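Chemist: One file is attached below, structure_0.cif, containing mmCIF, N, CA and C atoms.
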```
data_upload
loop_
_atom_site.group_PDB
_atom_site.id
_atom_site.type_symbol
_atom_site.label_atom_id
_atom_site.label_comp_id
_atom_site.auth_asym_id
_atom_site.auth_seq_id
_atom_site.Cartn_x
_atom_site.Cartn_y
_atom_site.Cartn_z
ATOM 1 N N MET E 2 53.448 21.857 -3.864
ATOM 2 C CA MET E 2 54.586 20.983 -4.036
ATOM 3 C C MET E 2 55.818 21.642 -3.425
ATOM 4 N N PRO E 3 56.641 20.862 -2.749
ATOM 5 C CA PRO E 3 57.808 21.438 -2.070
ATOM 6 C C PRO E 3 59.018 21.583 -2.997
ATOM 7 N N ALA E 4 58.853 22.405 -4.003
ATOM 8 C CA ALA E 4 59.961 22.645 -4.925
ATOM 9 C C ALA E 4 59.792 24.027 -5.536
ATOM 10 N N ARG E 5 60.920 24.635 -5.858
ATOM 11 C CA ARG E 5 60.881 25.901 -6.583
ATOM 12 C C ARG E 5 62.126 25.972 -7.453
ATOM 13 N N ALA E 6 61.969 26.691 -8.537
ATOM 14 C CA ALA E 6 63.073 26.853 -9.473
ATOM 15 C C ALA E 6 63.294 28.330 -9.739
ATOM 16 N N THR E 7 64.547 28.701 -9.852
ATOM 17 C CA THR E 7 64.921 30.067 -10.181
ATOM 18 C C THR E 7 65.835 30.020 -11.399
ATOM 19 N N LEU E 8 65.426 30.698 -12.442
ATOM 20 C CA LEU E 8 66.244 30.797 -13.649
ATOM 21 C C LEU E 8 67.051 32.082 -13.620
ATOM 22 N N LEU E 9 68.329 31.966 -13.866
ATOM 23 C CA LEU E 9 69.212 33.128 -13.985
ATOM 24 C C LEU E 9 69.807 33.085 -15.393
ATOM 25 N N PRO E 10 69.046 33.553 -16.393
ATOM 26 C CA PRO E 10 69.476 33.387 -17.785
ATOM 27 C C PRO E 10 70.797 34.065 -18.126
ATOM 28 N N HIS E 11 71.090 35.201 -17.516
ATOM 29 C CA HIS E 11 72.348 35.890 -17.833
ATOM 30 C C HIS E 11 73.561 35.140 -17.298
ATOM 31 N N ALA E 12 73.353 34.336 -16.266
ATOM 32 C CA ALA E 12 74.422 33.505 -15.715
ATOM 33 C C ALA E 12 74.368 32.088 -16.280
ATOM 34 N N SER E 13 73.372 31.832 -17.123
ATOM 35 C CA SER E 13 73.151 30.498 -17.694
ATOM 36 C C SER E 13 73.057 29.452 -16.582
ATOM 37 N N LEU E 14 72.178 29.727 -15.603
ATOM 38 C CA LEU E 14 72.064 28.884 -14.420
ATOM 39 C C LEU E 14 70.594 28.646 -14.066
ATOM 40 N N LEU E 15 70.307 27.400 -13.705
ATOM 41 C CA LEU E 15 69.005 27.027 -13.164
ATOM 42 C C LEU E 15 69.235 26.499 -11.763
ATOM 43 N N TYR E 16 68.599 27.155 -10.792
ATOM 44 C CA TYR E 16 68.689 26.752 -9.388
ATOM 45 C C TYR E 16 67.379 26.087 -9.023
ATOM 46 N N PHE E 17 67.433 24.809 -8.649
ATOM 47 C CA PHE E 17 66.254 24.021 -8.331
ATOM 48 C C PHE E 17 66.343 23.572 -6.880
ATOM 49 N N GLU E 18 65.310 23.902 -6.083
ATOM 50 C CA GLU E 18 65.336 23.611 -4.655
ATOM 51 C C GLU E 18 64.166 22.711 -4.262
ATOM 52 N N LEU E 19 64.464 21.637 -3.536
ATOM 53 C CA LEU E 19 63.458 20.784 -2.910
ATOM 54 C C LEU E 19 63.469 21.072 -1.419
ATOM 55 N N TYR E 20 62.292 21.079 -0.796
ATOM 56 C CA TYR E 20 62.221 21.328 0.645
ATOM 57 C C TYR E 20 60.971 20.658 1.210
ATOM 58 N N ASP E 21 60.903 20.578 2.530
ATOM 59 C CA ASP E 21 59.805 19.930 3.255
ATOM 60 C C ASP E 21 59.682 18.461 2.846
ATOM 61 N N THR E 22 58.448 17.951 2.738
ATOM 62 C CA THR E 22 58.220 16.549 2.397
ATOM 63 C C THR E 22 58.071 16.395 0.888
ATOM 64 N N VAL E 23 58.831 15.499 0.314
ATOM 65 C CA VAL E 23 58.768 15.225 -1.115
ATOM 66 C C VAL E 23 57.915 13.977 -1.309
ATOM 67 N N HIS E 24 56.857 14.105 -2.114
ATOM 68 C CA HIS E 24 55.910 13.015 -2.349
ATOM 69 C C HIS E 24 56.129 12.402 -3.728
ATOM 70 N N PRO E 25 55.686 11.141 -3.919
ATOM 71 C CA PRO E 25 55.797 10.494 -5.233
ATOM 72 C C PRO E 25 55.123 11.335 -6.321
ATOM 73 N N GLY E 26 55.747 11.355 -7.474
ATOM 74 C CA GLY E 26 55.206 12.074 -8.616
ATOM 75 C C GLY E 26 55.537 13.550 -8.662
ATOM 76 N N GLU E 27 56.168 14.089 -7.643
ATOM 77 C CA GLU E 27 56.442 15.528 -7.597
ATOM 78 C C GLU E 27 57.808 15.913 -8.161
ATOM 79 N N LEU E 28 58.693 14.970 -8.301
ATOM 80 C CA LEU E 28 60.072 15.308 -8.667
ATOM 81 C C LEU E 28 60.191 15.955 -10.047
ATOM 82 N N TRP E 29 59.392 15.553 -10.996
ATOM 83 C CA TRP E 29 59.543 16.035 -12.368
ATOM 84 C C TRP E 29 58.706 17.281 -12.645
ATOM 85 N N GLN E 30 57.709 17.587 -11.829
ATOM 86 C CA GLN E 30 56.780 18.682 -12.126
ATOM 87 C C GLN E 30 57.464 20.040 -12.257
ATOM 88 N N THR E 31 58.237 20.440 -11.289
ATOM 89 C CA THR E 31 58.868 21.764 -11.318
ATOM 90 C C THR E 31 59.959 21.859 -12.389
ATOM 91 N N PRO E 32 60.868 20.870 -12.499
ATOM 92 C CA PRO E 32 61.841 20.984 -13.589
ATOM 93 C C PRO E 32 61.168 21.040 -14.958
ATOM 94 N N ASN E 33 60.177 20.190 -15.184
ATOM 95 C CA ASN E 33 59.507 20.166 -16.484
ATOM 96 C C ASN E 33 58.861 21.506 -16.794
ATOM 97 N N ALA E 34 58.188 22.109 -15.832
ATOM 98 C CA ALA E 34 57.576 23.428 -16.038
ATOM 99 C C ALA E 34 58.649 24.473 -16.330
ATOM 100 N N THR E 35 59.769 24.398 -15.638
ATOM 101 C CA THR E 35 60.854 25.364 -15.835
ATOM 102 C C THR E 35 61.480 25.212 -17.215
ATOM 103 N N TYR E 36 61.619 23.985 -17.685
ATOM 104 C CA TYR E 36 62.197 23.747 -19.015
ATOM 105 C C TYR E 36 61.322 24.314 -20.129
ATOM 106 N N GLN E 37 60.059 24.582 -19.850
ATOM 107 C CA GLN E 37 59.149 25.161 -20.843
ATOM 108 C C GLN E 37 59.250 26.693 -20.887
ATOM 109 N N SER E 38 59.937 27.283 -19.921
ATOM 110 C CA SER E 38 60.055 28.740 -19.849
ATOM 111 C C SER E 38 60.869 29.272 -21.028
ATOM 112 N N PRO E 39 60.470 30.415 -21.586
ATOM 113 C CA PRO E 39 61.272 31.016 -22.660
ATOM 114 C C PRO E 39 62.654 31.469 -22.189
ATOM 115 N N GLU E 40 62.846 31.620 -20.878
ATOM 116 C CA GLU E 40 64.153 32.014 -20.357
ATOM 117 C C GLU E 40 65.113 30.835 -20.226
ATOM 118 N N TYR E 41 64.584 29.618 -20.319
ATOM 119 C CA TYR E 41 65.436 28.440 -20.189
ATOM 120 C C TYR E 41 66.139 28.172 -21.526
ATOM 121 N N THR E 42 67.434 27.881 -21.429
ATOM 122 C CA THR E 42 68.230 27.521 -22.588
ATOM 123 C C THR E 42 68.894 26.180 -22.316
ATOM 124 N N ARG E 43 68.783 25.278 -23.280
ATOM 125 C CA ARG E 43 69.442 23.971 -23.116
ATOM 126 C C ARG E 43 70.933 24.165 -22.891
ATOM 127 N N GLY E 44 71.461 23.391 -21.970
ATOM 128 C CA GLY E 44 72.875 23.478 -21.652
ATOM 129 C C GLY E 44 73.185 24.338 -20.438
ATOM 130 N N MET E 45 72.151 24.954 -19.846
ATOM 131 C CA MET E 45 72.374 25.741 -18.628
ATOM 132 C C MET E 45 72.934 24.842 -17.532
ATOM 133 N N THR E 46 73.815 25.386 -16.732
ATOM 134 C CA THR E 46 74.273 24.689 -15.536
ATOM 135 C C THR E 46 73.102 24.599 -14.568
ATOM 136 N N GLU E 47 72.991 23.463 -13.874
ATOM 137 C CA GLU E 47 71.908 23.281 -12.916
ATOM 138 C C GLU E 47 72.463 23.011 -11.523
ATOM 139 N N VAL E 48 71.795 23.594 -10.533
ATOM 140 C CA VAL E 48 72.100 23.343 -9.129
ATOM 141 C C VAL E 48 70.850 22.747 -8.506
ATOM 142 N N GLY E 49 70.978 21.550 -7.940
ATOM 143 C CA GLY E 49 69.890 20.914 -7.206
ATOM 144 C C GLY E 49 70.178 21.031 -5.723
ATOM 145 N N ASP E 50 69.328 21.751 -5.015
ATOM 146 C CA ASP E 50 69.542 22.011 -3.596
ATOM 147 C C ASP E 50 68.540 21.195 -2.781
ATOM 148 N N PHE E 51 69.033 20.190 -2.065
ATOM 149 C CA PHE E 51 68.185 19.300 -1.277
ATOM 150 C C PHE E 51 68.317 19.559 0.221
ATOM 151 N N ARG E 52 68.932 20.677 0.601
ATOM 152 C CA ARG E 52 69.212 20.937 2.012
ATOM 153 C C ARG E 52 67.963 21.143 2.856
ATOM 154 N N GLY E 53 66.834 21.515 2.242
ATOM 155 C CA GLY E 53 65.627 21.776 2.996
ATOM 156 C C GLY E 53 64.670 20.597 3.086
ATOM 157 N N VAL E 54 65.058 19.447 2.562
ATOM 158 C CA VAL E 54 64.180 18.273 2.596
ATOM 159 C C VAL E 54 64.099 17.746 4.033
ATOM 160 N N THR E 55 62.864 17.594 4.526
ATOM 161 C CA THR E 55 62.664 17.087 5.888
ATOM 162 C C THR E 55 62.092 15.674 5.899
ATOM 163 N N ASP E 56 61.476 15.249 4.786
ATOM 164 C CA ASP E 56 60.926 13.901 4.695
ATOM 165 C C ASP E 56 60.860 13.512 3.229
ATOM 166 N N MET E 57 61.093 12.233 2.963
ATOM 167 C CA MET E 57 61.131 11.735 1.590
ATOM 168 C C MET E 57 60.177 10.558 1.473
ATOM 169 N N GLN E 58 59.058 10.774 0.791
ATOM 170 C CA GLN E 58 58.094 9.706 0.564
ATOM 171 C C GLN E 58 58.302 9.039 -0.795
ATOM 172 N N VAL E 59 59.282 9.513 -1.542
ATOM 173 C CA VAL E 59 59.596 8.977 -2.858
ATOM 174 C C VAL E 59 60.393 7.691 -2.694
ATOM 175 N N GLY E 60 59.976 6.668 -3.410
ATOM 176 C CA GLY E 60 60.662 5.390 -3.328
ATOM 177 C C GLY E 60 61.538 5.113 -4.539
ATOM 178 N N TYR E 61 62.031 3.908 -4.594
ATOM 179 C CA TYR E 61 62.942 3.458 -5.632
ATOM 180 C C TYR E 61 62.357 3.688 -7.030
ATOM 181 N N ASP E 62 61.135 3.208 -7.263
ATOM 182 C CA ASP E 62 60.540 3.287 -8.599
ATOM 183 C C ASP E 62 60.335 4.725 -9.051
ATOM 184 N N ASP E 63 59.864 5.581 -8.154
ATOM 185 C CA ASP E 63 59.631 6.977 -8.516
ATOM 186 C C ASP E 63 60.955 7.682 -8.822
ATOM 187 N N MET E 64 61.970 7.408 -8.035
ATOM 188 C CA MET E 64 63.275 8.033 -8.275
ATOM 189 C C MET E 64 63.879 7.529 -9.584
ATOM 190 N N LEU E 65 63.712 6.246 -9.869
ATOM 191 C CA LEU E 65 64.217 5.682 -11.124
ATOM 192 C C LEU E 65 63.500 6.318 -12.317
ATOM 193 N N THR E 66 62.190 6.454 -12.218
ATOM 194 C CA THR E 66 61.417 7.083 -13.294
ATOM 195 C C THR E 66 61.857 8.524 -13.500
ATOM 196 N N PHE E 67 62.018 9.273 -12.409
ATOM 197 C CA PHE E 67 62.484 10.656 -12.519
ATOM 198 C C PHE E 67 63.842 10.710 -13.209
ATOM 199 N N THR E 68 64.777 9.872 -12.779
ATOM 200 C CA THR E 68 66.132 9.907 -13.338
ATOM 201 C C THR E 68 66.120 9.576 -14.822
ATOM 202 N N LYS E 69 65.342 8.595 -15.227
ATOM 203 C CA LYS E 69 65.246 8.239 -16.654
ATOM 204 C C LYS E 69 64.685 9.409 -17.462
ATOM 205 N N THR E 70 63.622 10.026 -16.953
ATOM 206 C CA THR E 70 62.992 11.147 -17.653
ATOM 207 C C THR E 70 63.942 12.333 -17.730
ATOM 208 N N TYR E 71 64.585 12.645 -16.617
ATOM 209 C CA TYR E 71 65.532 13.763 -16.537
ATOM 210 C C TYR E 71 66.699 13.548 -17.505
ATOM 211 N N ASN E 72 67.267 12.357 -17.489
ATOM 212 C CA ASN E 72 68.402 12.064 -18.369
ATOM 213 C C ASN E 72 67.989 12.058 -19.834
ATOM 214 N N ALA E 73 66.805 11.548 -20.134
ATOM 215 C CA ALA E 73 66.322 11.560 -21.519
ATOM 216 C C ALA E 73 66.147 12.994 -22.012
ATOM 217 N N PHE E 74 65.612 13.862 -21.158
ATOM 218 C CA PHE E 74 65.445 15.261 -21.531
ATOM 219 C C PHE E 74 66.797 15.890 -21.850
ATOM 220 N N HIS E 75 67.779 15.658 -20.998
ATOM 221 C CA HIS E 75 69.083 16.303 -21.176
ATOM 222 C C HIS E 75 69.965 15.613 -22.213
ATOM 223 N N SER E 76 69.550 14.472 -22.722
ATOM 224 C CA SER E 76 70.381 13.768 -23.708
ATOM 225 C C SER E 76 70.515 14.545 -25.016
ATOM 226 N N SER E 77 69.601 15.482 -25.275
ATOM 227 C CA SER E 77 69.706 16.281 -26.499
ATOM 228 C C SER E 77 70.336 17.655 -26.253
ATOM 229 N N ASP E 78 70.886 17.870 -25.066
ATOM 230 C CA ASP E 78 71.595 19.120 -24.789
ATOM 231 C C ASP E 78 72.825 19.215 -25.691
ATOM 232 N N PRO E 79 73.256 20.443 -26.010
ATOM 233 C CA PRO E 79 74.407 20.602 -26.905
ATOM 234 C C PRO E 79 75.732 20.120 -26.301
ATOM 235 N N ALA E 80 75.816 20.031 -24.988
ATOM 236 C CA ALA E 80 77.040 19.579 -24.309
ATOM 237 C C ALA E 80 76.605 18.807 -23.064
ATOM 238 N N PRO E 81 77.507 18.023 -22.478
ATOM 239 C CA PRO E 81 77.137 17.315 -21.245
ATOM 240 C C PRO E 81 76.655 18.287 -20.164
ATOM 241 N N LEU E 82 75.663 17.863 -19.408
ATOM 242 C CA LEU E 82 75.080 18.679 -18.351
ATOM 243 C C LEU E 82 76.080 18.882 -17.216
ATOM 244 N N THR E 83 76.179 20.121 -16.734
ATOM 245 C CA THR E 83 76.914 20.417 -15.513
ATOM 246 C C THR E 83 75.869 20.541 -14.412
ATOM 247 N N LEU E 84 75.950 19.637 -13.426
ATOM 248 C CA LEU E 84 74.961 19.568 -12.367
ATOM 249 C C LEU E 84 75.670 19.535 -11.025
ATOM 250 N N PHE E 85 75.269 20.435 -10.141
ATOM 251 C CA PHE E 85 75.773 20.457 -8.771
ATOM 252 C C PHE E 85 74.631 20.065 -7.854
ATOM 253 N N LEU E 86 74.885 19.148 -6.924
ATOM 254 C CA LEU E 86 73.878 18.718 -5.968
ATOM 255 C C LEU E 86 74.320 19.141 -4.574
ATOM 256 N N LEU E 87 73.472 19.909 -3.896
ATOM 257 C CA LEU E 87 73.774 20.397 -2.559
ATOM 258 C C LEU E 87 72.932 19.642 -1.546
ATOM 259 N N GLU E 88 73.567 19.194 -0.492
ATOM 260 C CA GLU E 88 72.852 18.519 0.584
ATOM 261 C C GLU E 88 73.621 18.734 1.871
ATOM 262 N N GLN E 89 72.905 18.618 2.985
ATOM 263 C CA GLN E 89 73.572 18.770 4.274
ATOM 264 C C GLN E 89 73.003 17.818 5.310
ATOM 265 N N ASN E 90 72.018 17.017 4.911
ATOM 266 C CA ASN E 90 71.448 16.064 5.860
ATOM 267 C C ASN E 90 71.317 14.700 5.191
ATOM 268 N N TRP E 91 70.953 13.704 5.951
ATOM 269 C CA TRP E 91 70.903 12.336 5.437
ATOM 270 C C TRP E 91 69.909 12.192 4.291
ATOM 271 N N LEU E 92 68.744 12.825 4.386
ATOM 272 C CA LEU E 92 67.747 12.720 3.318
ATOM 273 C C LEU E 92 68.260 13.322 2.022
ATOM 274 N N GLY E 93 68.833 14.491 2.098
ATOM 275 C CA GLY E 93 69.390 15.112 0.899
ATOM 276 C C GLY E 93 70.485 14.273 0.294
ATOM 277 N N PHE E 94 71.312 13.696 1.145
ATOM 278 C CA PHE E 94 72.389 12.828 0.670
ATOM 279 C C PHE E 94 71.805 11.619 -0.054
ATOM 280 N N CYS E 95 70.753 11.019 0.502
ATOM 281 C CA CYS E 95 70.127 9.842 -0.115
ATOM 282 C C CYS E 95 69.535 10.171 -1.481
ATOM 283 N N ILE E 96 68.875 11.320 -1.600
ATOM 284 C CA ILE E 96 68.306 11.739 -2.880
ATOM 285 C C ILE E 96 69.420 11.884 -3.915
ATOM 286 N N ALA E 97 70.462 12.598 -3.549
ATOM 287 C CA ALA E 97 71.577 12.820 -4.476
ATOM 288 C C ALA E 97 72.250 11.506 -4.843
ATOM 289 N N LYS E 98 72.477 10.657 -3.865
ATOM 290 C CA LYS E 98 73.161 9.386 -4.112
ATOM 291 C C LYS E 98 72.335 8.480 -5.030
ATOM 292 N N MET E 99 71.017 8.422 -4.825
ATOM 293 C CA MET E 99 70.164 7.623 -5.700
ATOM 294 C C MET E 99 70.204 8.154 -7.125
ATOM 295 N N HIS E 100 70.107 9.464 -7.281
ATOM 296 C CA HIS E 100 70.130 10.054 -8.627
ATOM 297 C C HIS E 100 71.453 9.748 -9.328
ATOM 298 N N ILE E 101 72.542 9.901 -8.636
ATOM 299 C CA ILE E 101 73.859 9.625 -9.218
ATOM 300 C C ILE E 101 73.990 8.150 -9.576
ATOM 301 N N ALA E 102 73.587 7.275 -8.686
ATOM 302 C CA ALA E 102 73.706 5.823 -8.934
ATOM 303 C C ALA E 102 72.864 5.417 -10.140
ATOM 304 N N PHE E 103 71.631 5.889 -10.195
ATOM 305 C CA PHE E 103 70.775 5.545 -11.336
ATOM 306 C C PHE E 103 71.340 6.115 -12.627
ATOM 307 N N SER E 104 71.847 7.345 -12.592
ATOM 308 C CA SER E 104 72.411 7.960 -13.794
ATOM 309 C C SER E 104 73.611 7.187 -14.318
ATOM 310 N N ARG E 105 74.435 6.707 -13.419
ATOM 311 C CA ARG E 105 75.624 5.965 -13.843
ATOM 312 C C ARG E 105 75.274 4.614 -14.474
ATOM 313 N N SER E 106 74.124 4.067 -14.087
ATOM 314 C CA SER E 106 73.759 2.739 -14.599
ATOM 315 C C SER E 106 73.002 2.822 -15.923
ATOM 316 N N MET E 107 72.719 4.019 -16.413
ATOM 317 C CA MET E 107 71.949 4.171 -17.654
ATOM 318 C C MET E 107 72.843 4.333 -18.847
#
```
Could you render the structure from this file as C-alpha cells?
Modeler:
Amino acid sequence: MPARATLLPHASLLYFELYDTVHPGELWQTPNATYQSPEYTRGMTEVGDFRGVTDMQVGYDDMLTFTKTYNAFHSSDPAPLTLFLLEQNWLGFCIAKMHIAFSRSM
C-alpha cells in the first residue's frame, strides 16, 4: 500500500504520507493501524502529506467513506483535531479538497 505513518510521540505528532497510486479501500488501513499503536495518543497533531501521489484510483464513494470513518474516530478526541494537509500537485490538491469538503458537510 502506498502509505506510511511516522509517530513522533514526544512532539505529539503523527506524520501520514500517501505516495504512488492510491487504490480504493487503502485510505483507512495505515491510519487505523497507527491509531492502534501504544505510542499514539488521542489529540496528536496530524500532518497528511499527499505530495508523492502520482495516481488516484479512489472515487467519490471511497473518499466519502474514509472521511466519515476518520471523522467518527476523531470525534471522541479530547480537543478538536489539528490537521495539516500538504500537497504540491493537482492530485494531492484534489485529495485534500475532497476531504475538506466532505468534512465540512458532516
Chemist: For E:Ser77, which of E:Ala34, E:Arg105, E:Arg43, E:Tyr61 is the closest residue, counting all atoms listed in the file?
Modeler: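 Looking at the shortest contact to E:Ser77, the residue is E:Arg43.
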Chemist: Which distance in Å separates atom C of E:Leu9 and atom N of E:Thr66, to one decimal?
Modeler: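 It comes out at 27.9 Å.
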Chemist: Please evaluate the PyMOL selection byres ((chain E and resi 16) around 6.5) against the displayed coordinates and give the resulting residues as a PyMOL selection string.
Modeler: chain E and resi 5-9+14-15+17-18+46-50
Chemist: What does the distance between atom C of E:Leu86 and atom N of E:Pro39 come to in Å, to one decimal place?
Modeler: 24.7 Å
Chemist: Write down as a ChimeraX atom specification the residues of chain E whose backbone DSSP state falls under strand (DSSP E or B).
Modeler: /E:4-9,14-23,46-57,84-87
Chemist: Which value, in Å to one decimal, gives the distance between atom CA of E:Thr42 and atom C of E:Pro81?
Modeler: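 The value is 12.7 Å.
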Chemist: DSSP on the backbone, then: every residue of stretch 55-107 of chain E marked helix (DSSP H, G or I), written as number ranges by chain.
Modeler: E: 61-75, 91-105
Chemist: Can you list what the PyMOL selection byres ((chain E and resi 56) around 8) grabs from this structure, as a PDB file with N, CA and C atoms, keeping the file's coordinate frame?
Modeler:
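Written output follows (part.pdb):
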```pdb
ATOM      1  N   TYR E  20      62.292  21.079  -0.796  1.00  0.00           N
ATOM      2  CA  TYR E  20      62.221  21.328   0.645  1.00  0.00           C
ATOM      3  C   TYR E  20      60.971  20.658   1.210  1.00  0.00           C
ATOM      4  N   ASP E  21      60.903  20.578   2.530  1.00  0.00           N
ATOM      5  CA  ASP E  21      59.805  19.930   3.255  1.00  0.00           C
ATOM      6  C   ASP E  21      59.682  18.461   2.846  1.00  0.00           C
ATOM      7  N   THR E  22      58.448  17.951   2.738  1.00  0.00           N
ATOM      8  CA  THR E  22      58.220  16.549   2.397  1.00  0.00           C
ATOM      9  C   THR E  22      58.071  16.395   0.888  1.00  0.00           C
ATOM     10  N   VAL E  23      58.831  15.499   0.314  1.00  0.00           N
ATOM     11  CA  VAL E  23      58.768  15.225  -1.115  1.00  0.00           C
ATOM     12  C   VAL E  23      57.915  13.977  -1.309  1.00  0.00           C
ATOM     13  N   HIS E  24      56.857  14.105  -2.114  1.00  0.00           N
ATOM     14  CA  HIS E  24      55.910  13.015  -2.349  1.00  0.00           C
ATOM     15  C   HIS E  24      56.129  12.402  -3.728  1.00  0.00           C
ATOM     16  N   GLY E  53      66.834  21.515   2.242  1.00  0.00           N
ATOM     17  CA  GLY E  53      65.627  21.776   2.996  1.00  0.00           C
ATOM     18  C   GLY E  53      64.670  20.597   3.086  1.00  0.00           C
ATOM     19  N   VAL E  54      65.058  19.447   2.562  1.00  0.00           N
ATOM     20  CA  VAL E  54      64.180  18.273   2.596  1.00  0.00           C
ATOM     21  C   VAL E  54      64.099  17.746   4.033  1.00  0.00           C
ATOM     22  N   THR E  55      62.864  17.594   4.526  1.00  0.00           N
ATOM     23  CA  THR E  55      62.664  17.087   5.888  1.00  0.00           C
ATOM     24  C   THR E  55      62.092  15.674   5.899  1.00  0.00           C
ATOM     25  N   MET E  57      61.093  12.233   2.963  1.00  0.00           N
ATOM     26  CA  MET E  57      61.131  11.735   1.590  1.00  0.00           C
ATOM     27  C   MET E  57      60.177  10.558   1.473  1.00  0.00           C
ATOM     28  N   GLN E  58      59.058  10.774   0.791  1.00  0.00           N
ATOM     29  CA  GLN E  58      58.094   9.706   0.564  1.00  0.00           C
ATOM     30  C   GLN E  58      58.302   9.039  -0.795  1.00  0.00           C
ATOM     31  N   VAL E  59      59.282   9.513  -1.542  1.00  0.00           N
ATOM     32  CA  VAL E  59      59.596   8.977  -2.858  1.00  0.00           C
ATOM     33  C   VAL E  59      60.393   7.691  -2.694  1.00  0.00           C
ATOM     34  N   LEU E  92      68.744  12.825   4.386  1.00  0.00           N
ATOM     35  CA  LEU E  92      67.747  12.720   3.318  1.00  0.00           C
ATOM     36  C   LEU E  92      68.260  13.322   2.022  1.00  0.00           C
ATOM     37  N   GLY E  93      68.833  14.491   2.098  1.00  0.00           N
ATOM     38  CA  GLY E  93      69.390  15.112   0.899  1.00  0.00           C
ATOM     39  C   GLY E  93      70.485  14.273   0.294  1.00  0.00           C
TER      40      GLY E  93
END
```
